[in-house]
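*Asks:* Enclosed is the structure file model-v2.tsv (TSV, N, CA and C atoms and all ligand atoms).
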```
chain	number	residue	atom	x	y	z
X	1	MET	N	54.46	84.89	194.76
X	1	MET	CA	54.49	85.85	193.66
X	1	MET	C	54.78	87.26	194.20
X	2	ILE	N	55.70	87.94	193.55
X	2	ILE	CA	56.03	89.31	193.97
X	2	ILE	C	55.22	90.28	193.12
X	3	LYS	N	54.48	91.11	193.79
X	3	LYS	CA	53.69	92.11	193.08
X	3	LYS	C	54.54	93.34	192.79
X	4	SER	N	54.51	93.82	191.57
X	4	SER	CA	55.25	95.05	191.29
X	4	SER	C	54.52	96.22	191.94
X	5	GLN	N	55.29	97.19	192.39
X	5	GLN	CA	54.69	98.31	193.09
X	5	GLN	C	54.07	99.28	192.09
X	6	MET	N	52.80	99.54	192.27
X	6	MET	CA	52.11	100.45	191.34
X	6	MET	C	52.35	101.89	191.76
X	7	LYS	N	52.53	102.73	190.77
X	7	LYS	CA	52.64	104.16	191.05
X	7	LYS	C	51.30	104.82	190.77
X	8	HIS	N	51.03	105.86	191.52
X	8	HIS	CA	49.76	106.55	191.38
X	8	HIS	C	50.01	108.04	191.15
X	9	ILE	N	49.09	108.64	190.41
X	9	ILE	CA	49.15	110.09	190.20
X	9	ILE	C	48.13	110.72	191.14
X	10	THR	N	48.57	111.73	191.85
X	10	THR	CA	47.61	112.49	192.65
X	10	THR	C	47.69	113.97	192.25
X	11	ILE	N	46.55	114.61	192.29
X	11	ILE	CA	46.46	116.04	191.96
X	11	ILE	C	45.91	116.76	193.18
X	12	ASP	N	46.63	117.76	193.63
X	12	ASP	CA	46.13	118.58	194.74
X	12	ASP	C	45.22	119.65	194.12
X	13	THR	N	43.92	119.37	194.14
X	13	THR	CA	42.99	120.27	193.46
X	13	THR	C	42.85	121.61	194.18
X	14	TYR	N	43.28	121.65	195.44
X	14	TYR	CA	43.24	122.93	196.14
X	14	TYR	C	44.25	123.90	195.50
X	15	LEU	N	45.42	123.35	195.14
X	15	LEU	CA	46.47	124.19	194.56
X	15	LEU	C	46.29	124.43	193.06
X	16	CYS	N	45.63	123.50	192.36
X	16	CYS	CA	45.49	123.59	190.90
X	16	CYS	C	44.83	124.91	190.51
X	17	ASN	N	45.44	125.59	189.50
X	17	ASN	CA	44.86	126.87	189.05
X	17	ASN	C	44.08	126.73	187.75
X	18	GLY	N	43.95	125.49	187.26
X	18	GLY	CA	43.15	125.25	186.07
X	18	GLY	C	43.78	125.73	184.78
X	19	CYS	N	45.11	125.86	184.75
X	19	CYS	CA	45.78	126.41	183.56
X	19	CYS	C	45.69	125.48	182.36
X	20	GLY	N	45.54	124.19	182.60
X	20	GLY	CA	45.37	123.24	181.49
X	20	GLY	C	46.66	122.74	180.86
X	21	ALA	N	47.81	123.10	181.42
X	21	ALA	CA	49.08	122.65	180.83
X	21	ALA	C	49.18	121.12	180.84
X	22	CYS	N	48.74	120.51	181.91
X	22	CYS	CA	48.80	119.04	181.99
X	22	CYS	C	47.87	118.40	180.96
X	23	VAL	N	46.74	119.03	180.72
X	23	VAL	CA	45.77	118.51	179.75
X	23	VAL	C	46.36	118.60	178.34
X	24	GLU	N	47.02	119.72	178.05
X	24	GLU	CA	47.67	119.87	176.74
X	24	GLU	C	48.75	118.82	176.54
X	25	MET	N	49.50	118.54	177.59
X	25	MET	CA	50.61	117.59	177.49
X	25	MET	C	50.09	116.15	177.40
X	26	CYS	N	49.07	115.82	178.18
X	26	CYS	CA	48.58	114.43	178.27
X	26	CYS	C	47.05	114.41	178.30
X	27	PRO	N	46.42	114.64	177.16
X	27	PRO	CA	44.95	114.68	177.17
X	27	PRO	C	44.30	113.33	177.48
X	28	ASP	N	45.07	112.23	177.35
X	28	ASP	CA	44.52	110.92	177.70
X	28	ASP	C	44.55	110.68	179.21
X	29	VAL	N	45.32	111.49	179.90
X	29	VAL	CA	45.51	111.26	181.34
X	29	VAL	C	44.78	112.33	182.18
X	30	PHE	N	44.89	113.59	181.74
X	30	PHE	CA	44.31	114.69	182.52
X	30	PHE	C	43.18	115.37	181.73
X	31	ARG	N	42.23	115.89	182.46
X	31	ARG	CA	41.20	116.76	181.88
X	31	ARG	C	40.81	117.78	182.94
X	32	LEU	N	40.15	118.85	182.48
X	32	LEU	CA	39.66	119.85	183.43
X	32	LEU	C	38.22	119.52	183.78
X	33	ASN	N	37.92	119.51	185.05
X	33	ASN	CA	36.55	119.28	185.50
X	33	ASN	C	35.69	120.46	185.07
X	34	GLU	N	34.57	120.17	184.42
X	34	GLU	CA	33.73	121.24	183.85
X	34	GLU	C	33.14	122.16	184.92
X	35	LEU	N	32.91	121.62	186.09
X	35	LEU	CA	32.29	122.43	187.14
X	35	LEU	C	33.31	123.23	187.95
X	36	THR	N	34.43	122.57	188.25
X	36	THR	CA	35.39	123.22	189.14
X	36	THR	C	36.53	123.91	188.40
X	37	ASP	N	36.73	123.56	187.10
X	37	ASP	CA	37.89	124.07	186.33
X	37	ASP	C	39.21	123.64	186.94
X	38	LYS	N	39.21	122.53	187.65
X	38	LYS	CA	40.43	121.97	188.22
X	38	LYS	C	40.77	120.69	187.46
X	39	ALA	N	42.06	120.35	187.45
X	39	ALA	CA	42.49	119.14	186.76
X	39	ALA	C	42.01	117.90	187.50
X	40	GLU	N	41.71	116.86	186.72
X	40	GLU	CA	41.36	115.56	187.29
X	40	GLU	C	41.87	114.49	186.33
X	41	LEU	N	41.90	113.25	186.81
X	41	LEU	CA	42.35	112.15	185.98
X	41	LEU	C	41.21	111.65	185.10
X	42	VAL	N	41.54	111.28	183.86
X	42	VAL	CA	40.54	110.73	182.94
X	42	VAL	C	40.16	109.32	183.38
X	43	THR	N	41.17	108.53	183.81
X	43	THR	CA	40.90	107.18	184.31
X	43	THR	C	41.60	107.03	185.66
X	44	LEU	N	41.17	106.03	186.42
X	44	LEU	CA	41.70	105.87	187.77
X	44	LEU	C	43.18	105.50	187.80
X	45	GLU	N	43.59	104.60	186.91
X	45	GLU	CA	44.97	104.12	186.93
X	45	GLU	C	45.61	104.33	185.57
X	46	PRO	N	45.88	105.56	185.18
X	46	PRO	CA	46.47	105.80	183.86
X	46	PRO	C	47.91	105.30	183.79
X	47	GLU	N	48.34	104.97	182.58
X	47	GLU	CA	49.74	104.59	182.39
X	47	GLU	C	50.61	105.83	182.63
X	48	ILE	N	51.69	105.64	183.35
X	48	ILE	CA	52.56	106.77	183.68
X	48	ILE	C	53.70	106.82	182.67
X	49	THR	N	53.51	107.65	181.67
X	49	THR	CA	54.46	107.76	180.57
X	49	THR	C	55.43	108.92	180.83
X	50	ASP	N	56.40	109.06	179.92
X	50	ASP	CA	57.33	110.19	180.02
X	50	ASP	C	56.58	111.52	179.97
X	51	GLU	N	55.49	111.55	179.17
X	51	GLU	CA	54.71	112.79	179.06
X	51	GLU	C	54.08	113.16	180.40
X	52	VAL	N	53.68	112.16	181.16
X	52	VAL	CA	53.10	112.44	182.48
X	52	VAL	C	54.16	113.10	183.37
X	53	TYR	N	55.39	112.57	183.30
X	53	TYR	CA	56.47	113.18	184.09
X	53	TYR	C	56.74	114.62	183.63
X	54	GLN	N	56.61	114.84	182.30
X	54	GLN	CA	56.79	116.20	181.79
X	54	GLN	C	55.68	117.12	182.30
X	55	ALA	N	54.46	116.60	182.36
X	55	ALA	CA	53.34	117.39	182.88
X	55	ALA	C	53.58	117.76	184.34
X	56	VAL	N	54.12	116.80	185.09
X	56	VAL	CA	54.46	117.08	186.50
X	56	VAL	C	55.46	118.23	186.57
X	57	ALA	N	56.48	118.17	185.69
X	57	ALA	CA	57.52	119.20	185.70
X	57	ALA	C	56.98	120.55	185.26
X	58	LEU	N	56.00	120.53	184.34
X	58	LEU	CA	55.47	121.78	183.78
X	58	LEU	C	54.44	122.45	184.69
X	59	CYS	N	53.80	121.68	185.54
X	59	CYS	CA	52.70	122.22	186.34
X	59	CYS	C	53.20	123.43	187.16
X	60	PRO	N	52.63	124.61	186.93
X	60	PRO	CA	53.14	125.81	187.60
X	60	PRO	C	52.88	125.81	189.11
X	61	GLU	N	51.89	125.05	189.54
X	61	GLU	CA	51.57	125.02	190.98
X	61	GLU	C	52.21	123.82	191.68
X	62	LYS	N	52.91	122.99	190.89
X	62	LYS	CA	53.55	121.77	191.44
X	62	LYS	C	52.54	120.94	192.25
X	63	CYS	N	51.36	120.79	191.67
X	63	CYS	CA	50.31	120.09	192.43
X	63	CYS	C	50.02	118.68	191.90
X	64	ILE	N	50.84	118.20	190.92
X	64	ILE	CA	50.70	116.81	190.47
X	64	ILE	C	51.85	116.03	191.07
X	65	GLU	N	51.51	114.89	191.68
X	65	GLU	CA	52.54	114.04	192.26
X	65	GLU	C	52.41	112.63	191.75
X	66	ILE	N	53.56	111.98	191.56
X	66	ILE	CA	53.59	110.56	191.24
X	66	ILE	C	54.19	109.87	192.44
X	67	GLU	N	53.45	108.94	193.03
X	67	GLU	CA	53.96	108.29	194.25
X	67	GLU	C	53.70	106.81	194.23
S	101	LIG	S1	49.21	121.92	185.08
S	101	LIG	FE1	48.90	121.90	187.31
S	101	LIG	S2	47.88	123.87	187.75
S	101	LIG	FE2	47.67	123.49	185.55
S	101	LIG	S3	45.69	122.44	185.31
S	101	LIG	FE3	47.28	120.85	185.47
S	101	LIG	S4	47.34	120.33	187.66
S	101	LIG	FE4	46.28	122.30	187.47
```
Transcribe the structure of this file into structure tokens.

*Replies:*
Amino acid sequence: MIKSQMKHITIDTYLCNGCGACVEMCPDVFRLNELTDKAELVTLEPEITDEVYQAVALCPEKCIEIE
């Protein structure tokens, strides 16, 4: 059986400025951590939709990666 390659979203929280653009674009995927004000994933393996790619493009710090 051939396993399809899973893609993962990573957020560089060091670079994240907490602007919330990714949360506005994909509230099911991203949220701001209440303590750190940095973006984090809502679930471990979210579906990677077109909106997620748009959030990656919109992020002003370019700190979201899909790999
Ligand atoms: S768009 Fe980028 S900088 Fe803004 S909260 Fe999301 S990850 Fe952080």

*Asks:* From the options X:Leu41, X:Ile48, X:Leu15, X:Leu35, which residue's atoms come nearest to ligand LIG 101 (chain S), counting all atoms listed in the file?

*Replies:* X:Leu15

*Asks:* X:Val52, X:Ile66, X:Met6, X:Cys22: which is nearest ligand LIG 101 (chain S), counting only C-alpha atoms and all ligand atoms?

*Replies:*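 So, comparing all the options, the nearest one is X:Cys22.
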
*Asks:* From a backbone DSSP assignment, name each residue in chain X labelled helix (DSSP H, G or I), as a ChimeraX atom specification.

*Replies:* /X:21-25,50-58

*Asks:* CA of Asp50 (chain X) to atom N of Thr36 (chain X): how many Å, to one decimal?

*Replies:*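 Result for CA of Asp50 (chain X) versus atom N of Thr36 (chain X): 27.3 Å, one decimal.
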
*Asks:* Give as a PDB file with N, CA and C atoms, in the coordinates of the input the residues surrounding ligand LIG 101 (chain S) up to a distance of 6.5 Å, considering only N, CA and C atoms and all ligand atoms.

*Replies:*
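The resulting part19.pdb:
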```
ATOM      1  N   ILE X  11      46.550 114.610 192.290  1.00  0.00           N
ATOM      2  CA  ILE X  11      46.460 116.040 191.960  1.00  0.00           C
ATOM      3  C   ILE X  11      45.910 116.760 193.180  1.00  0.00           C
ATOM      4  N   LEU X  15      45.420 123.350 195.140  1.00  0.00           N
ATOM      5  CA  LEU X  15      46.470 124.190 194.560  1.00  0.00           C
ATOM      6  C   LEU X  15      46.290 124.430 193.060  1.00  0.00           C
ATOM      7  N   CYS X  16      45.630 123.500 192.360  1.00  0.00           N
ATOM      8  CA  CYS X  16      45.490 123.590 190.900  1.00  0.00           C
ATOM      9  C   CYS X  16      44.830 124.910 190.510  1.00  0.00           C
ATOM     10  N   ASN X  17      45.440 125.590 189.500  1.00  0.00           N
ATOM     11  CA  ASN X  17      44.860 126.870 189.050  1.00  0.00           C
ATOM     12  C   ASN X  17      44.080 126.730 187.750  1.00  0.00           C
ATOM     13  N   GLY X  18      43.950 125.490 187.260  1.00  0.00           N
ATOM     14  CA  GLY X  18      43.150 125.250 186.070  1.00  0.00           C
ATOM     15  C   GLY X  18      43.780 125.730 184.780  1.00  0.00           C
ATOM     16  N   CYS X  19      45.110 125.860 184.750  1.00  0.00           N
ATOM     17  CA  CYS X  19      45.780 126.410 183.560  1.00  0.00           C
ATOM     18  C   CYS X  19      45.690 125.480 182.360  1.00  0.00           C
ATOM     19  N   GLY X  20      45.540 124.190 182.600  1.00  0.00           N
ATOM     20  CA  GLY X  20      45.370 123.240 181.490  1.00  0.00           C
ATOM     21  C   GLY X  20      46.660 122.740 180.860  1.00  0.00           C
ATOM     22  N   ALA X  21      47.810 123.100 181.420  1.00  0.00           N
ATOM     23  CA  ALA X  21      49.080 122.650 180.830  1.00  0.00           C
ATOM     24  C   ALA X  21      49.180 121.120 180.840  1.00  0.00           C
ATOM     25  N   CYS X  22      48.740 120.510 181.910  1.00  0.00           N
ATOM     26  CA  CYS X  22      48.800 119.040 181.990  1.00  0.00           C
ATOM     27  C   CYS X  22      47.870 118.400 180.960  1.00  0.00           C
ATOM     28  N   VAL X  23      46.740 119.030 180.720  1.00  0.00           N
ATOM     29  CA  VAL X  23      45.770 118.510 179.750  1.00  0.00           C
ATOM     30  C   VAL X  23      46.360 118.600 178.340  1.00  0.00           C
ATOM     31  N   LYS X  38      39.210 122.530 187.650  1.00  0.00           N
ATOM     32  CA  LYS X  38      40.430 121.970 188.220  1.00  0.00           C
ATOM     33  C   LYS X  38      40.770 120.690 187.460  1.00  0.00           C
ATOM     34  N   ALA X  39      42.060 120.350 187.450  1.00  0.00           N
ATOM     35  CA  ALA X  39      42.490 119.140 186.760  1.00  0.00           C
ATOM     36  C   ALA X  39      42.010 117.900 187.500  1.00  0.00           C
ATOM     37  N   ALA X  55      54.460 116.600 182.360  1.00  0.00           N
ATOM     38  CA  ALA X  55      53.340 117.390 182.880  1.00  0.00           C
ATOM     39  C   ALA X  55      53.580 117.760 184.340  1.00  0.00           C
ATOM     40  N   LEU X  58      56.000 120.530 184.340  1.00  0.00           N
ATOM     41  CA  LEU X  58      55.470 121.780 183.780  1.00  0.00           C
ATOM     42  C   LEU X  58      54.440 122.450 184.690  1.00  0.00           C
ATOM     43  N   CYS X  59      53.800 121.680 185.540  1.00  0.00           N
ATOM     44  CA  CYS X  59      52.700 122.220 186.340  1.00  0.00           C
ATOM     45  C   CYS X  59      53.200 123.430 187.160  1.00  0.00           C
ATOM     46  N   PRO X  60      52.630 124.610 186.930  1.00  0.00           N
ATOM     47  CA  PRO X  60      53.140 125.810 187.600  1.00  0.00           C
ATOM     48  C   PRO X  60      52.880 125.810 189.110  1.00  0.00           C
ATOM     49  N   GLU X  61      51.890 125.050 189.540  1.00  0.00           N
ATOM     50  CA  GLU X  61      51.570 125.020 190.980  1.00  0.00           C
ATOM     51  C   GLU X  61      52.210 123.820 191.680  1.00  0.00           C
ATOM     52  N   LYS X  62      52.910 122.990 190.890  1.00  0.00           N
ATOM     53  CA  LYS X  62      53.550 121.770 191.440  1.00  0.00           C
ATOM     54  C   LYS X  62      52.540 120.940 192.250  1.00  0.00           C
ATOM     55  N   CYS X  63      51.360 120.790 191.670  1.00  0.00           N
ATOM     56  CA  CYS X  63      50.310 120.090 192.430  1.00  0.00           C
ATOM     57  C   CYS X  63      50.020 118.680 191.900  1.00  0.00           C
ATOM     58  N   ILE X  64      50.840 118.200 190.920  1.00  0.00           N
ATOM     59  CA  ILE X  64      50.700 116.810 190.470  1.00  0.00           C
ATOM     60  C   ILE X  64      51.850 116.030 191.070  1.00  0.00           C
TER      61      ILE X  64
END
```

*Asks:* Point out the residue among X:Asp37, X:His8, X:Glu51, X:Glu45 with the least atom-to-atom distance to Met25 (chain X), counting all atoms listed in the file.

*Replies:* X:Glu51

*Asks:* Regenerate region 19-41 of chain X at the level of N, CA, C and O atoms and dump it as an mmCIF file, keeping the file's coordinate frame.

*Replies:*
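What ended up in part.cif:
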```cif
data_model
loop_
_atom_site.group_PDB
_atom_site.id
_atom_site.type_symbol
_atom_site.label_atom_id
_atom_site.label_comp_id
_atom_site.auth_asym_id
_atom_site.auth_seq_id
_atom_site.Cartn_x
_atom_site.Cartn_y
_atom_site.Cartn_z
ATOM 1 N N CYS X 19 45.110 125.860 184.750
ATOM 2 C CA CYS X 19 45.780 126.410 183.560
ATOM 3 C C CYS X 19 45.690 125.480 182.360
ATOM 4 O O CYS X 19 45.787 125.931 181.219
ATOM 5 N N GLY X 20 45.540 124.190 182.600
ATOM 6 C CA GLY X 20 45.370 123.240 181.490
ATOM 7 C C GLY X 20 46.660 122.740 180.860
ATOM 8 O O GLY X 20 46.612 122.006 179.876
ATOM 9 N N ALA X 21 47.810 123.100 181.420
ATOM 10 C CA ALA X 21 49.080 122.650 180.830
ATOM 11 C C ALA X 21 49.180 121.120 180.840
ATOM 12 O O ALA X 21 49.663 120.519 179.872
ATOM 13 N N CYS X 22 48.740 120.510 181.910
ATOM 14 C CA CYS X 22 48.800 119.040 181.990
ATOM 15 C C CYS X 22 47.870 118.400 180.960
ATOM 16 O O CYS X 22 48.197 117.369 180.371
ATOM 17 N N VAL X 23 46.740 119.030 180.720
ATOM 18 C CA VAL X 23 45.770 118.510 179.750
ATOM 19 C C VAL X 23 46.360 118.600 178.340
ATOM 20 O O VAL X 23 46.222 117.663 177.532
ATOM 21 N N GLU X 24 47.020 119.720 178.050
ATOM 22 C CA GLU X 24 47.670 119.870 176.740
ATOM 23 C C GLU X 24 48.750 118.820 176.540
ATOM 24 O O GLU X 24 48.886 118.254 175.462
ATOM 25 N N MET X 25 49.500 118.540 177.590
ATOM 26 C CA MET X 25 50.610 117.590 177.490
ATOM 27 C C MET X 25 50.090 116.150 177.400
ATOM 28 O O MET X 25 50.586 115.360 176.615
ATOM 29 N N CYS X 26 49.070 115.820 178.180
ATOM 30 C CA CYS X 26 48.580 114.430 178.270
ATOM 31 C C CYS X 26 47.050 114.410 178.300
ATOM 32 O O CYS X 26 46.457 114.146 179.354
ATOM 33 N N PRO X 27 46.420 114.640 177.160
ATOM 34 C CA PRO X 27 44.950 114.680 177.170
ATOM 35 C C PRO X 27 44.300 113.330 177.480
ATOM 36 O O PRO X 27 43.130 113.276 177.857
ATOM 37 N N ASP X 28 45.070 112.230 177.350
ATOM 38 C CA ASP X 28 44.520 110.920 177.700
ATOM 39 C C ASP X 28 44.550 110.680 179.210
ATOM 40 O O ASP X 28 43.905 109.754 179.704
ATOM 41 N N VAL X 29 45.320 111.490 179.900
ATOM 42 C CA VAL X 29 45.510 111.260 181.340
ATOM 43 C C VAL X 29 44.780 112.330 182.180
ATOM 44 O O VAL X 29 44.153 112.009 183.178
ATOM 45 N N PHE X 30 44.890 113.590 181.740
ATOM 46 C CA PHE X 30 44.310 114.690 182.520
ATOM 47 C C PHE X 30 43.180 115.370 181.730
ATOM 48 O O PHE X 30 43.211 115.436 180.509
ATOM 49 N N ARG X 31 42.230 115.890 182.460
ATOM 50 C CA ARG X 31 41.200 116.760 181.880
ATOM 51 C C ARG X 31 40.810 117.780 182.940
ATOM 52 O O ARG X 31 41.110 117.615 184.120
ATOM 53 N N LEU X 32 40.150 118.850 182.480
ATOM 54 C CA LEU X 32 39.660 119.850 183.430
ATOM 55 C C LEU X 32 38.220 119.520 183.780
ATOM 56 O O LEU X 32 37.396 119.282 182.892
ATOM 57 N N ASN X 33 37.920 119.510 185.050
ATOM 58 C CA ASN X 33 36.550 119.280 185.500
ATOM 59 C C ASN X 33 35.690 120.460 185.070
ATOM 60 O O ASN X 33 36.048 121.611 185.303
ATOM 61 N N GLU X 34 34.570 120.170 184.420
ATOM 62 C CA GLU X 34 33.730 121.240 183.850
ATOM 63 C C GLU X 34 33.140 122.160 184.920
ATOM 64 O O GLU X 34 32.893 123.334 184.676
ATOM 65 N N LEU X 35 32.910 121.620 186.090
ATOM 66 C CA LEU X 35 32.290 122.430 187.140
ATOM 67 C C LEU X 35 33.310 123.230 187.950
ATOM 68 O O LEU X 35 33.102 124.399 188.256
ATOM 69 N N THR X 36 34.430 122.570 188.250
ATOM 70 C CA THR X 36 35.390 123.220 189.140
ATOM 71 C C THR X 36 36.530 123.910 188.400
ATOM 72 O O THR X 36 37.262 124.698 188.989
ATOM 73 N N ASP X 37 36.730 123.560 187.100
ATOM 74 C CA ASP X 37 37.890 124.070 186.330
ATOM 75 C C ASP X 37 39.210 123.640 186.940
ATOM 76 O O ASP X 37 40.226 124.304 186.743
ATOM 77 N N LYS X 38 39.210 122.530 187.650
ATOM 78 C CA LYS X 38 40.430 121.970 188.220
ATOM 79 C C LYS X 38 40.770 120.690 187.460
ATOM 80 O O LYS X 38 39.889 120.012 186.923
ATOM 81 N N ALA X 39 42.060 120.350 187.450
ATOM 82 C CA ALA X 39 42.490 119.140 186.760
ATOM 83 C C ALA X 39 42.010 117.900 187.500
ATOM 84 O O ALA X 39 41.913 117.882 188.726
ATOM 85 N N GLU X 40 41.710 116.860 186.720
ATOM 86 C CA GLU X 40 41.360 115.560 187.290
ATOM 87 C C GLU X 40 41.870 114.490 186.330
ATOM 88 O O GLU X 40 42.230 114.787 185.189
ATOM 89 N N LEU X 41 41.900 113.250 186.810
ATOM 90 C CA LEU X 41 42.350 112.150 185.980
ATOM 91 C C LEU X 41 41.210 111.650 185.100
ATOM 92 O O LEU X 41 40.067 111.584 185.540
#
```
